[in-house]
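Raw contents of data.txt, compact mmCIF, C-alpha atoms:
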```
# COMPACT_ATOMS: atom_id res chain seq x y z
CA MET A 1 46.29 -7.88 -0.63
CA HIS A 2 46.31 -4.82 1.63
CA ASN A 3 48.83 -3.05 -0.61
CA ARG A 4 46.78 -3.92 -3.69
CA ASN A 5 43.67 -2.36 -2.14
CA ILE A 6 45.61 0.80 -1.29
CA TRP A 7 46.88 0.97 -4.88
CA ARG A 8 43.35 0.61 -6.26
CA TYR A 9 42.12 3.33 -3.91
CA LEU A 10 44.91 5.69 -4.97
CA ASN A 11 44.19 5.00 -8.65
CA SER A 12 40.51 5.73 -8.03
CA ILE A 13 41.31 9.04 -6.33
CA SER A 14 43.74 9.92 -9.11
CA GLY A 15 41.08 9.18 -11.74
CA LYS A 16 38.56 11.42 -9.98
CA ILE A 17 41.06 14.27 -9.77
CA LYS A 18 41.86 13.93 -13.48
CA ARG A 19 38.15 13.95 -14.41
CA HIS A 20 37.47 17.05 -12.34
CA VAL A 21 40.49 18.89 -13.74
CA LEU A 22 39.52 17.98 -17.33
CA SER A 23 35.93 18.99 -16.60
CA TRP A 24 37.06 22.36 -15.25
CA PHE A 25 39.14 23.10 -18.35
CA THR A 26 36.38 21.93 -20.71
CA SER A 27 33.35 23.54 -19.05
CA PRO A 28 33.74 27.01 -20.67
CA PHE A 29 33.06 25.39 -24.06
CA THR A 30 29.68 23.89 -23.11
CA ILE A 31 26.40 25.28 -24.45
CA ARG A 32 25.62 28.14 -22.09
CA ASN A 33 22.11 28.18 -20.67
CA ASP A 34 20.50 31.13 -18.90
CA LYS A 35 20.98 30.72 -15.14
CA ALA A 36 18.21 33.23 -14.46
CA LEU A 37 15.79 31.03 -16.41
CA PHE A 38 16.94 28.00 -14.40
CA VAL A 39 16.27 29.82 -11.12
CA SER A 40 12.89 31.07 -12.30
CA VAL A 41 11.70 27.64 -13.45
CA TYR A 42 13.07 26.01 -10.30
CA GLN A 43 11.12 28.40 -8.06
CA ILE A 44 7.92 27.54 -9.92
CA ALA A 45 8.67 23.80 -9.80
CA ARG A 46 9.56 23.82 -6.10
CA ALA A 47 6.30 25.58 -5.20
CA LYS A 48 4.29 23.15 -7.35
CA TYR A 49 6.02 20.11 -5.88
CA ALA A 50 5.66 21.27 -2.27
CA LYS A 51 1.92 21.67 -2.86
CA SER A 52 1.40 18.36 -4.71
CA LYS A 53 3.96 15.90 -3.34
CA ASP A 54 1.67 14.26 -0.77
CA LEU A 55 -1.12 13.73 -3.31
CA TYR A 56 0.76 11.32 -5.58
CA GLU A 57 0.00 7.61 -5.26
CA TYR A 58 3.10 5.67 -6.25
CA THR A 59 5.11 4.42 -3.23
CA GLU A 60 3.90 0.82 -3.57
CA TYR A 61 5.64 0.76 -6.96
CA LEU A 62 9.08 1.53 -5.49
CA MET A 63 11.83 -0.81 -4.38
CA PRO A 64 13.10 -0.06 -0.83
CA ALA A 65 16.36 1.36 -2.21
CA TRP A 66 14.47 3.88 -4.33
CA GLN A 67 12.24 4.88 -1.41
CA GLU A 68 15.39 5.85 0.47
CA PHE A 69 16.82 7.67 -2.56
CA VAL A 70 13.59 9.64 -3.04
CA SER A 71 13.66 10.89 0.55
CA VAL A 72 17.22 12.25 0.21
CA ILE A 73 16.70 13.83 -3.22
CA GLU A 74 13.38 15.36 -2.17
CA GLN A 75 15.05 17.18 0.71
CA TYR A 76 17.77 18.40 -1.66
CA PHE A 77 15.21 19.67 -4.20
CA ILE A 78 12.98 21.44 -1.68
CA GLY A 79 15.96 22.94 0.11
CA ASN A 80 17.66 24.86 -2.69
CA LEU A 81 18.50 23.15 -5.98
CA PRO A 82 21.74 24.74 -7.24
CA PHE A 83 22.64 25.24 -10.90
CA SER A 84 25.32 22.56 -10.36
CA PHE A 85 22.80 19.99 -9.07
CA LEU A 86 24.33 17.09 -11.02
CA ARG A 87 27.31 17.21 -8.66
CA HIS A 88 25.12 15.94 -5.80
CA ARG A 89 26.48 12.55 -4.68
CA LEU A 90 23.18 10.64 -4.99
CA LEU A 91 22.18 12.20 -8.31
CA LYS A 92 25.61 11.28 -9.67
CA ARG A 93 25.22 7.76 -8.34
CA THR A 94 21.70 7.11 -9.65
CA MET A 95 21.49 9.23 -12.80
CA PHE A 96 24.97 9.83 -14.11
CA VAL A 97 27.08 7.06 -15.63
CA GLN A 98 30.87 7.24 -15.49
CA LEU A 99 32.24 4.18 -17.30
CA PRO A 100 35.91 3.24 -17.72
CA ASN A 101 37.71 5.10 -20.52
CA ASP A 102 37.84 2.05 -22.79
CA SER A 103 34.08 1.61 -22.51
CA THR A 104 33.40 5.26 -23.31
CA LYS A 105 35.74 5.10 -26.32
CA LEU A 106 33.86 2.05 -27.59
CA GLN A 107 30.56 3.84 -27.18
CA LYS A 108 31.77 7.02 -28.84
CA LYS A 109 33.05 5.05 -31.84
CA LEU A 110 29.55 3.74 -32.59
CA VAL A 111 27.98 7.16 -31.96
CA LEU A 112 30.32 8.74 -34.52
CA GLU A 113 29.68 5.95 -37.04
CA TYR A 114 25.90 5.97 -36.67
CA PHE A 115 25.18 9.72 -36.53
CA GLY A 116 28.12 10.91 -38.63
CA MET A 117 30.88 13.21 -37.46
CA GLU A 118 29.08 16.56 -37.73
CA LYS A 119 25.80 15.43 -36.17
CA ALA A 120 27.59 13.48 -33.45
CA LYS A 121 29.68 16.54 -32.60
CA GLN A 122 26.50 18.57 -32.17
CA LEU A 123 24.80 15.92 -30.04
CA LEU A 124 27.79 15.16 -27.80
CA ARG A 125 28.32 18.77 -26.76
CA GLU A 126 27.01 19.28 -23.23
CA HIS A 127 24.91 22.06 -21.79
CA ASN A 128 26.18 23.75 -18.66
CA THR A 129 22.90 23.24 -16.77
CA GLY A 130 23.58 20.92 -13.84
CA ALA A 131 27.36 21.34 -14.29
CA PRO A 132 27.82 17.71 -15.41
CA ILE A 133 31.30 16.21 -15.04
CA LEU A 134 32.93 16.32 -18.49
CA ASN A 135 35.48 13.76 -19.64
CA ASP A 136 35.93 14.59 -23.33
CA PHE A 137 37.77 17.77 -24.28
CA GLU A 138 37.50 17.16 -28.04
CA TYR A 139 33.70 16.90 -28.04
CA VAL A 140 32.99 18.86 -24.82
CA SER A 141 30.99 15.92 -23.56
CA SER A 142 30.30 13.75 -20.55
CA GLY A 143 30.34 9.99 -20.24
CA ASN A 144 26.63 10.13 -19.55
CA THR A 145 25.71 11.84 -22.83
CA THR A 146 27.95 9.45 -24.75
CA HIS A 147 26.24 6.57 -22.92
CA HIS A 148 22.74 7.79 -23.82
CA LEU A 149 23.62 8.39 -27.45
CA TYR A 150 25.11 4.91 -27.62
CA HIS A 151 21.75 3.41 -26.57
CA LEU A 152 20.08 5.16 -29.50
CA ALA A 153 22.87 4.29 -31.94
CA LYS A 154 22.87 0.65 -30.87
CA PHE A 155 19.08 0.47 -31.15
CA GLY A 156 19.15 2.10 -34.57
CA THR A 157 21.91 -0.19 -35.77
CA GLU A 158 20.23 -3.41 -34.61
CA SER A 159 16.64 -2.47 -35.48
CA GLY A 160 17.37 -0.81 -38.80
CA LEU A 161 15.43 2.30 -37.71
CA ARG A 162 16.78 5.79 -38.22
CA ILE A 163 16.48 7.64 -34.93
CA GLU A 164 15.74 10.95 -36.66
CA ASN A 165 12.64 9.33 -38.20
CA ILE A 166 11.22 8.30 -34.83
CA ASN A 167 8.32 10.64 -34.06
CA SER A 168 7.29 9.52 -30.57
CA ILE A 169 8.93 7.94 -27.54
CA VAL A 170 7.57 6.92 -24.14
CA GLU A 171 10.32 6.66 -21.53
CA TRP A 172 9.75 4.88 -18.23
CA GLY A 173 12.15 6.51 -15.77
CA GLY A 174 13.88 9.50 -17.33
CA GLY A 175 16.74 10.33 -14.96
CA TYR A 176 17.26 14.09 -15.01
CA GLY A 177 15.94 14.36 -18.59
CA ASN A 178 19.10 13.91 -20.64
CA MET A 179 17.74 11.25 -23.00
CA ALA A 180 14.70 13.40 -23.73
CA ARG A 181 16.95 16.38 -24.46
CA LEU A 182 19.04 14.35 -26.90
CA ALA A 183 16.01 12.84 -28.66
CA LYS A 184 14.45 16.28 -29.11
CA THR A 185 17.75 17.60 -30.44
CA ILE A 186 17.77 14.79 -33.01
CA ASN A 187 14.14 15.38 -33.99
CA LYS A 188 12.71 18.68 -32.71
CA ASP A 189 9.17 17.67 -33.76
CA MET A 190 9.19 14.45 -31.73
CA THR A 191 6.53 13.86 -29.07
CA TYR A 192 8.38 12.62 -26.00
CA ILE A 193 6.68 11.34 -22.84
CA ILE A 194 8.53 10.66 -19.57
CA ILE A 195 6.79 8.76 -16.77
CA ASP A 196 8.72 8.84 -13.53
CA ILE A 197 8.71 9.17 -9.75
CA PRO A 198 7.33 12.68 -9.02
CA ILE A 199 10.51 14.20 -7.54
CA PHE A 200 12.46 13.20 -10.65
CA SER A 201 9.68 14.56 -12.86
CA TYR A 202 10.17 17.98 -11.31
CA ILE A 203 13.95 17.80 -11.72
CA GLN A 204 13.35 16.91 -15.38
CA PHE A 205 10.97 19.85 -15.69
CA VAL A 206 13.65 22.25 -14.44
CA TYR A 207 16.46 20.73 -16.53
CA LEU A 208 14.51 20.49 -19.79
CA ASN A 209 13.02 23.97 -19.50
CA SER A 210 16.55 25.26 -19.00
CA THR A 211 18.07 23.35 -21.93
CA LEU A 212 15.21 23.14 -24.47
CA GLY A 213 13.18 26.23 -23.55
CA ARG A 214 9.85 26.77 -21.81
CA ASN A 215 7.71 26.20 -24.88
CA ALA A 216 9.17 22.70 -25.35
CA VAL A 217 8.07 21.17 -22.04
CA VAL A 218 4.70 20.30 -20.50
CA LEU A 219 4.08 19.04 -16.95
CA CYS A 220 1.14 16.63 -17.31
CA GLU A 221 -0.66 16.56 -13.99
CA GLN A 222 -4.27 16.78 -12.84
CA GLU A 223 -6.31 17.65 -15.94
CA ALA A 224 -3.35 18.30 -18.27
CA GLY A 225 -3.06 16.01 -21.29
CA VAL A 226 -0.29 15.09 -23.70
CA GLU A 227 0.76 17.72 -26.23
CA LYS A 228 2.19 16.62 -29.56
CA GLY A 229 5.66 17.79 -30.50
CA LYS A 230 6.67 18.52 -26.90
CA VAL A 231 8.32 16.80 -23.96
CA ASN A 232 5.45 15.68 -21.75
CA ILE A 233 6.47 14.94 -18.16
CA VAL A 234 4.06 12.65 -16.31
CA PRO A 235 4.70 12.34 -12.55
CA LEU A 236 3.79 8.82 -11.46
CA HIS A 237 0.29 8.92 -9.97
CA ILE A 238 -1.60 5.76 -10.87
CA PRO A 239 -5.12 7.22 -11.32
CA HIS A 240 -3.82 9.98 -13.59
CA LEU A 241 -1.53 7.62 -15.50
CA LEU A 242 -4.40 5.25 -16.23
CA ALA A 243 -6.51 8.19 -17.38
CA LEU A 244 -3.76 9.15 -19.84
CA VAL A 245 -3.18 5.66 -21.29
CA SER A 246 -5.13 6.32 -24.48
CA GLN A 247 -3.06 9.48 -25.14
CA ILE A 248 0.24 7.74 -24.36
CA SER A 249 -0.41 4.56 -26.34
CA GLY A 250 0.83 3.84 -29.84
CA SER A 251 4.25 5.49 -29.76
CA ASP A 252 7.10 4.45 -32.03
CA VAL A 253 9.29 3.37 -29.09
CA PHE A 254 8.88 2.41 -25.44
CA LEU A 255 12.25 3.08 -23.80
CA SER A 256 13.52 2.14 -20.35
CA THR A 257 17.21 1.98 -19.53
CA TRP A 258 17.60 0.26 -16.14
CA ALA A 259 14.55 1.95 -14.61
CA LEU A 260 12.22 -0.98 -15.25
CA SER A 261 14.78 -3.54 -14.08
CA GLU A 262 15.27 -1.54 -10.86
CA SER A 263 11.52 -1.68 -10.21
CA ASN A 264 9.50 -4.14 -8.17
CA LEU A 265 7.25 -6.85 -9.56
CA LYS A 266 4.14 -4.69 -9.21
CA THR A 267 5.63 -2.05 -11.51
CA GLN A 268 6.87 -4.57 -14.03
CA GLU A 269 3.46 -6.22 -14.11
CA LEU A 270 1.78 -2.84 -14.57
CA ILE A 271 3.88 -2.08 -17.64
CA ARG A 272 3.43 -5.59 -19.05
CA ASN A 273 -0.35 -5.44 -18.47
CA LEU A 274 -0.47 -2.08 -20.24
CA ASN A 275 1.46 -3.81 -23.04
CA TYR A 276 4.21 -1.18 -22.98
CA PHE A 277 1.61 1.41 -23.96
CA GLU A 278 1.21 -0.44 -27.28
CA ALA A 279 4.52 0.93 -28.56
CA ARG A 280 5.69 -0.39 -31.92
CA ASN A 281 9.23 -1.04 -30.63
CA LEU A 282 10.85 -1.66 -27.25
CA LEU A 283 14.29 -0.43 -26.22
CA ILE A 284 15.10 -1.93 -22.82
CA ALA A 285 18.42 -2.01 -20.98
CA TYR A 286 18.76 -3.95 -17.74
CA GLN A 287 21.20 -5.67 -15.42
CA LYS A 288 21.74 -8.97 -13.69
CA GLU A 289 19.71 -9.29 -10.49
CA ASP A 290 21.38 -8.51 -7.15
CA GLU A 291 20.40 -7.84 -3.53
CA LEU A 292 19.17 -4.32 -4.25
CA PHE A 293 17.24 -5.22 -7.40
CA PRO A 294 16.28 -8.90 -7.24
CA PHE A 295 13.69 -8.67 -10.05
CA ALA A 296 15.99 -7.12 -12.64
CA ARG A 297 15.93 -9.95 -15.19
CA ASN A 298 12.17 -10.34 -15.02
CA VAL A 299 12.01 -7.68 -17.74
CA GLU A 300 13.11 -10.43 -20.13
CA HIS A 301 9.57 -11.85 -19.93
CA ILE A 302 8.04 -9.81 -22.73
CA SER A 303 4.35 -10.08 -23.58
CA ASP A 304 3.28 -12.26 -26.53
CA SER A 305 2.53 -9.12 -28.57
CA TYR A 306 6.24 -8.64 -29.23
CA SER A 307 9.03 -10.52 -30.93
CA VAL A 308 12.62 -10.25 -29.71
CA GLU A 309 14.77 -8.63 -32.41
CA PHE A 310 18.01 -8.32 -30.43
CA GLN A 311 19.11 -9.50 -27.00
CA SER A 312 22.70 -9.45 -25.80
CA GLU A 313 25.04 -8.53 -22.98
CA THR A 314 26.42 -5.03 -23.54
CA GLU A 315 29.87 -4.69 -25.05
CA TYR A 316 30.96 -2.14 -22.47
CA LEU A 317 29.79 -3.54 -19.12
CA LYS A 318 29.51 -7.14 -17.95
CA ASP A 319 26.18 -8.40 -16.54
CA ASN A 320 24.23 -5.65 -18.28
CA TYR A 321 22.00 -6.33 -21.27
CA TYR A 322 19.99 -4.90 -24.15
CA LEU A 323 16.58 -6.18 -25.21
CA PHE A 324 15.09 -4.75 -28.41
CA CYS A 325 11.65 -5.94 -29.50
CA LYS A 326 9.13 -5.27 -32.24
CA LYS A 327 5.35 -5.40 -32.04
CA ILE A 328 4.06 -8.36 -33.99
CA ARG A 329 0.85 -6.69 -35.14
CA ASP A 330 -0.98 -3.44 -34.47
CA ASP A 331 -4.16 -5.03 -33.15
CA CYS A 332 -2.44 -6.90 -30.28
```

Rewrite the structure from the file as structure tokens, please.
Amino acid sequence: MHNRNIWRYLNSISGKIKRHVLSWFTSPFTIRNDKALFVSVYQIARAKYAKSKDLYEYTEYLMPAWQEFVSVIEQYFIGNLPFSFLRHRLLKRTMFVQLPNDSTKLQKKLVLEYFGMEKAKQLLREHNTGAPILNDFEYVSSGNTTHHLYHLAKFGTESGLRIENINSIVEWGGGYGNMARLAKTINKDMTYIIIDIPIFSYIQFVYLNSTLGRNAVVLCEQEAGVEKGKVNIVPLHIPHLLALVSQISGSDVFLSTWALSESNLKTQELIRNLNYFEARNLLIAYQKEDELFPFARNVEHISDSYSVEFQSETEYLKDNYYLFCKKIRDDC
């Protein structure tokens, strides 16, 4: 048993070395963003966050694990966020998926089939902002971007919707903003709203300004409202969120990939009571409950306004699931 554990450890180290070497060789072929723009936007975001961070009311909506994560990432952000910020150990752990090769190949197959070779090639190609670990030389892509595109392709396949025809998405928990970037690349006129823990909202603001451009992103705080055709970032502050409900409601899709299942009951009840912001469709990914996230499978309890269109364990990772739903009627 001891020898087996050593062998697994060595294989793990070997795999990491291979990924980093491949990433190093592939990185010159990524979409090159302006580092000066990144620094400029980051300086603005850091000043805004330092001034506002103690005003947000949201901590009662966090699981203990996420409270700890927020503290670490906040220090990192306020200190000096580097251009290669996606290499930070906790950001990689919480926001960046690195699946086994077989799982990524399975995901990429559907992405290529659903979007078509030329469009998929465009979407899979990474930006250099954040210096994400790349694992695909042919498409200059990361496992994370393949993973996000697979969610959309799977949803489109099972729901019958064409992703490029979706005009509005509300995402609960947006990571560093990669899903929003991809959705806006698919449909540049889409209105995209991300609601997230404030520190992640500011990371998203920096990343999306760097990759999509300053005119594409709005930070919705205080008196700011939602702007159509842009990425609207809403830092979680309950009074402001409730004031924005009427502007957020009625989107084509409510999307949450593992964020809602990693939330506490209070958060899950908030979203259910708001009826998923009256979205016409739900795209939810979640996991089996564990010690860190004991309420994970509670997301299966959808309100009566929706019918389940597809529910299944994922093909690429055991004990993880998709739940796609459709609103039964518009007056619910």

Check: Quick one: of A:Thr157, A:Thr129, A:Asn178, A:Thr59, who's nearest to Gly143 in chain A, counting all atoms listed in the file?
Finding: A:Asn178

Check: Can you list, as a ChimeraX atom specification, every protein, DNA or RNA residue that comes within 9 Å of range 209-223 of chain A when you count only C-alpha atoms, leaving out same-chain residues fewer than 2 positions away?
Finding: /A:31-35,37-38,41,127-129,181,184-185,201-202,204-207,225-227,229-235,237,240

Notebook entry, point to check: Which residue out of A:Ser141, A:Ser159, A:Asn320, A:Gln75 has the minimum interatomic distance to Ser307 in chain A when all atoms listed in the file are used?
Noted result: A:Ser159

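Across A:Leu265, A:Leu86, A:Val111, A:Ile78, the tightest approach to Leu134 in chain A is made by A:Leu86 when counting all atoms listed in the file.
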
Margin query: So the first atom is CA of Asn101 in chain A and the second is CA of Gly173 in chain A; what is the distance between them in Å, to one decimal place?
Written below: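 These two atoms are separated by 26.0 Å.
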
Taking only C-alpha atoms into account, produce a table as a tab-separated table in which each residue of range 239-265 of chain A with an atom at most 9 Å from an atom of range 290-296 of chain A appears once, together with its shortest atom pair and the distance in Å to one decimal, ordered by chain and rising number.
```
residue	atom	partner	partner_atom	distance
A:Trp258	CA	A:Ala296	CA	8.3
A:Leu260	CA	A:Ala296	CA	7.7
A:Ser261	CA	A:Ala296	CA	4.0
A:Glu262	CA	A:Phe293	CA	5.4
A:Ser263	CA	A:Phe293	CA	7.3
A:Asn264	CA	A:Phe295	CA	6.5
A:Leu265	CA	A:Phe295	CA	6.7
```

Notebook entry, point to check: From the set A:Leu274, A:Val140, A:Leu55, A:Val39, which residue has the shortest atom-to-atom contact distance to Phe25 in chain A, counting all atoms listed in the file?
Noted result: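 Selected residue with least distance to Phe25 in chain A: A:Val140.
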
Find the axis-aligned box for range 234-241 of chain A, covering all its listed atoms and adding 4 Å on each side, and write its centre and edge lengths in Å to one decimal as lines of an AutoDock Vina configuration file.
```
center_x = -0.2
center_y = 9.2
center_z = -13.1
size_x = 17.8
size_y = 14.9
size_z = 14.3
```

Kindly complete range 190-220 of chain A to N, CA and C atoms; the output should be written as a PDB file, keeping the file's coordinate frame.
```pdb
ATOM      1  N   MET A 190       9.561  15.685 -32.418  1.00  0.00           N
ATOM      2  CA  MET A 190       9.190  14.450 -31.730  1.00  0.00           C
ATOM      3  C   MET A 190       8.287  14.735 -30.524  1.00  0.00           C
ATOM      4  N   THR A 191       7.311  13.848 -30.306  1.00  0.00           N
ATOM      5  CA  THR A 191       6.530  13.860 -29.070  1.00  0.00           C
ATOM      6  C   THR A 191       7.202  12.903 -28.097  1.00  0.00           C
ATOM      7  N   TYR A 192       7.626  13.419 -26.964  1.00  0.00           N
ATOM      8  CA  TYR A 192       8.380  12.620 -26.000  1.00  0.00           C
ATOM      9  C   TYR A 192       7.636  12.646 -24.665  1.00  0.00           C
ATOM     10  N   ILE A 193       7.407  11.465 -24.104  1.00  0.00           N
ATOM     11  CA  ILE A 193       6.680  11.340 -22.840  1.00  0.00           C
ATOM     12  C   ILE A 193       7.578  10.643 -21.819  1.00  0.00           C
ATOM     13  N   ILE A 194       7.774  11.276 -20.666  1.00  0.00           N
ATOM     14  CA  ILE A 194       8.530  10.660 -19.570  1.00  0.00           C
ATOM     15  C   ILE A 194       7.575  10.377 -18.425  1.00  0.00           C
ATOM     16  N   ILE A 195       7.570   9.140 -17.959  1.00  0.00           N
ATOM     17  CA  ILE A 195       6.790   8.760 -16.770  1.00  0.00           C
ATOM     18  C   ILE A 195       7.794   8.398 -15.688  1.00  0.00           C
ATOM     19  N   ASP A 196       7.700   9.056 -14.536  1.00  0.00           N
ATOM     20  CA  ASP A 196       8.720   8.840 -13.530  1.00  0.00           C
ATOM     21  C   ASP A 196       8.193   9.170 -12.132  1.00  0.00           C
ATOM     22  N   ILE A 197       8.989   8.808 -11.130  1.00  0.00           N
ATOM     23  CA  ILE A 197       8.710   9.170  -9.750  1.00  0.00           C
ATOM     24  C   ILE A 197       8.588  10.706  -9.683  1.00  0.00           C
ATOM     25  N   PRO A 198       7.590  11.240  -8.973  1.00  0.00           N
ATOM     26  CA  PRO A 198       7.330  12.680  -9.020  1.00  0.00           C
ATOM     27  C   PRO A 198       8.537  13.582  -8.782  1.00  0.00           C
ATOM     28  N   ILE A 199       9.384  13.302  -7.802  1.00  0.00           N
ATOM     29  CA  ILE A 199      10.510  14.200  -7.540  1.00  0.00           C
ATOM     30  C   ILE A 199      11.432  14.286  -8.746  1.00  0.00           C
ATOM     31  N   PHE A 200      11.614  13.169  -9.460  1.00  0.00           N
ATOM     32  CA  PHE A 200      12.460  13.200 -10.650  1.00  0.00           C
ATOM     33  C   PHE A 200      11.759  13.919 -11.795  1.00  0.00           C
ATOM     34  N   SER A 201      10.441  13.822 -11.839  1.00  0.00           N
ATOM     35  CA  SER A 201       9.680  14.560 -12.860  1.00  0.00           C
ATOM     36  C   SER A 201       9.928  16.057 -12.737  1.00  0.00           C
ATOM     37  N   TYR A 202       9.972  16.544 -11.508  1.00  0.00           N
ATOM     38  CA  TYR A 202      10.170  17.980 -11.310  1.00  0.00           C
ATOM     39  C   TYR A 202      11.607  18.395 -11.599  1.00  0.00           C
ATOM     40  N   ILE A 203      12.563  17.524 -11.324  1.00  0.00           N
ATOM     41  CA  ILE A 203      13.950  17.800 -11.720  1.00  0.00           C
ATOM     42  C   ILE A 203      14.041  17.857 -13.242  1.00  0.00           C
ATOM     43  N   GLN A 204      13.379  16.919 -13.913  1.00  0.00           N
ATOM     44  CA  GLN A 204      13.350  16.910 -15.380  1.00  0.00           C
ATOM     45  C   GLN A 204      12.717  18.194 -15.911  1.00  0.00           C
ATOM     46  N   PHE A 205      11.661  18.639 -15.260  1.00  0.00           N
ATOM     47  CA  PHE A 205      10.970  19.850 -15.690  1.00  0.00           C
ATOM     48  C   PHE A 205      11.914  21.055 -15.643  1.00  0.00           C
ATOM     49  N   VAL A 206      12.702  21.150 -14.577  1.00  0.00           N
ATOM     50  CA  VAL A 206      13.650  22.250 -14.440  1.00  0.00           C
ATOM     51  C   VAL A 206      14.758  22.131 -15.486  1.00  0.00           C
ATOM     52  N   TYR A 207      15.340  20.943 -15.608  1.00  0.00           N
ATOM     53  CA  TYR A 207      16.460  20.730 -16.530  1.00  0.00           C
ATOM     54  C   TYR A 207      16.051  20.966 -17.983  1.00  0.00           C
ATOM     55  N   LEU A 208      14.924  20.406 -18.385  1.00  0.00           N
ATOM     56  CA  LEU A 208      14.510  20.490 -19.790  1.00  0.00           C
ATOM     57  C   LEU A 208      14.014  21.880 -20.168  1.00  0.00           C
ATOM     58  N   ASN A 209      13.379  22.576 -19.238  1.00  0.00           N
ATOM     59  CA  ASN A 209      13.020  23.970 -19.500  1.00  0.00           C
ATOM     60  C   ASN A 209      14.276  24.805 -19.706  1.00  0.00           C
ATOM     61  N   SER A 210      15.306  24.503 -18.924  1.00  0.00           N
ATOM     62  CA  SER A 210      16.550  25.260 -19.000  1.00  0.00           C
ATOM     63  C   SER A 210      17.303  24.981 -20.289  1.00  0.00           C
ATOM     64  N   THR A 211      17.269  23.731 -20.764  1.00  0.00           N
ATOM     65  CA  THR A 211      18.070  23.350 -21.930  1.00  0.00           C
ATOM     66  C   THR A 211      17.305  23.423 -23.250  1.00  0.00           C
ATOM     67  N   LEU A 212      16.002  23.147 -23.233  1.00  0.00           N
ATOM     68  CA  LEU A 212      15.210  23.140 -24.470  1.00  0.00           C
ATOM     69  C   LEU A 212      14.337  24.388 -24.620  1.00  0.00           C
ATOM     70  N   GLY A 213      14.041  25.052 -23.508  1.00  0.00           N
ATOM     71  CA  GLY A 213      13.180  26.230 -23.550  1.00  0.00           C
ATOM     72  C   GLY A 213      11.787  25.930 -23.011  1.00  0.00           C
ATOM     73  N   ARG A 214      11.142  26.952 -22.488  1.00  0.00           N
ATOM     74  CA  ARG A 214       9.850  26.770 -21.810  1.00  0.00           C
ATOM     75  C   ARG A 214       8.750  26.248 -22.734  1.00  0.00           C
ATOM     76  N   ASN A 215       8.778  26.621 -23.974  1.00  0.00           N
ATOM     77  CA  ASN A 215       7.710  26.200 -24.880  1.00  0.00           C
ATOM     78  C   ASN A 215       7.830  24.732 -25.297  1.00  0.00           C
ATOM     79  N   ALA A 216       8.933  24.084 -24.918  1.00  0.00           N
ATOM     80  CA  ALA A 216       9.170  22.700 -25.350  1.00  0.00           C
ATOM     81  C   ALA A 216       8.694  21.666 -24.349  1.00  0.00           C
ATOM     82  N   VAL A 217       8.307  22.105 -23.143  1.00  0.00           N
ATOM     83  CA  VAL A 217       8.070  21.170 -22.040  1.00  0.00           C
ATOM     84  C   VAL A 217       6.695  21.382 -21.428  1.00  0.00           C
ATOM     85  N   VAL A 218       6.014  20.256 -21.142  1.00  0.00           N
ATOM     86  CA  VAL A 218       4.700  20.300 -20.500  1.00  0.00           C
ATOM     87  C   VAL A 218       4.726  19.382 -19.278  1.00  0.00           C
ATOM     88  N   LEU A 219       4.237  19.870 -18.146  1.00  0.00           N
ATOM     89  CA  LEU A 219       4.080  19.040 -16.950  1.00  0.00           C
ATOM     90  C   LEU A 219       2.649  18.523 -16.933  1.00  0.00           C
ATOM     91  N   CYS A 220       2.482  17.236 -17.190  1.00  0.00           N
ATOM     92  CA  CYS A 220       1.140  16.630 -17.310  1.00  0.00           C
ATOM     93  C   CYS A 220       0.675  16.151 -15.941  1.00  0.00           C
TER      94      CYS A 220
END
```
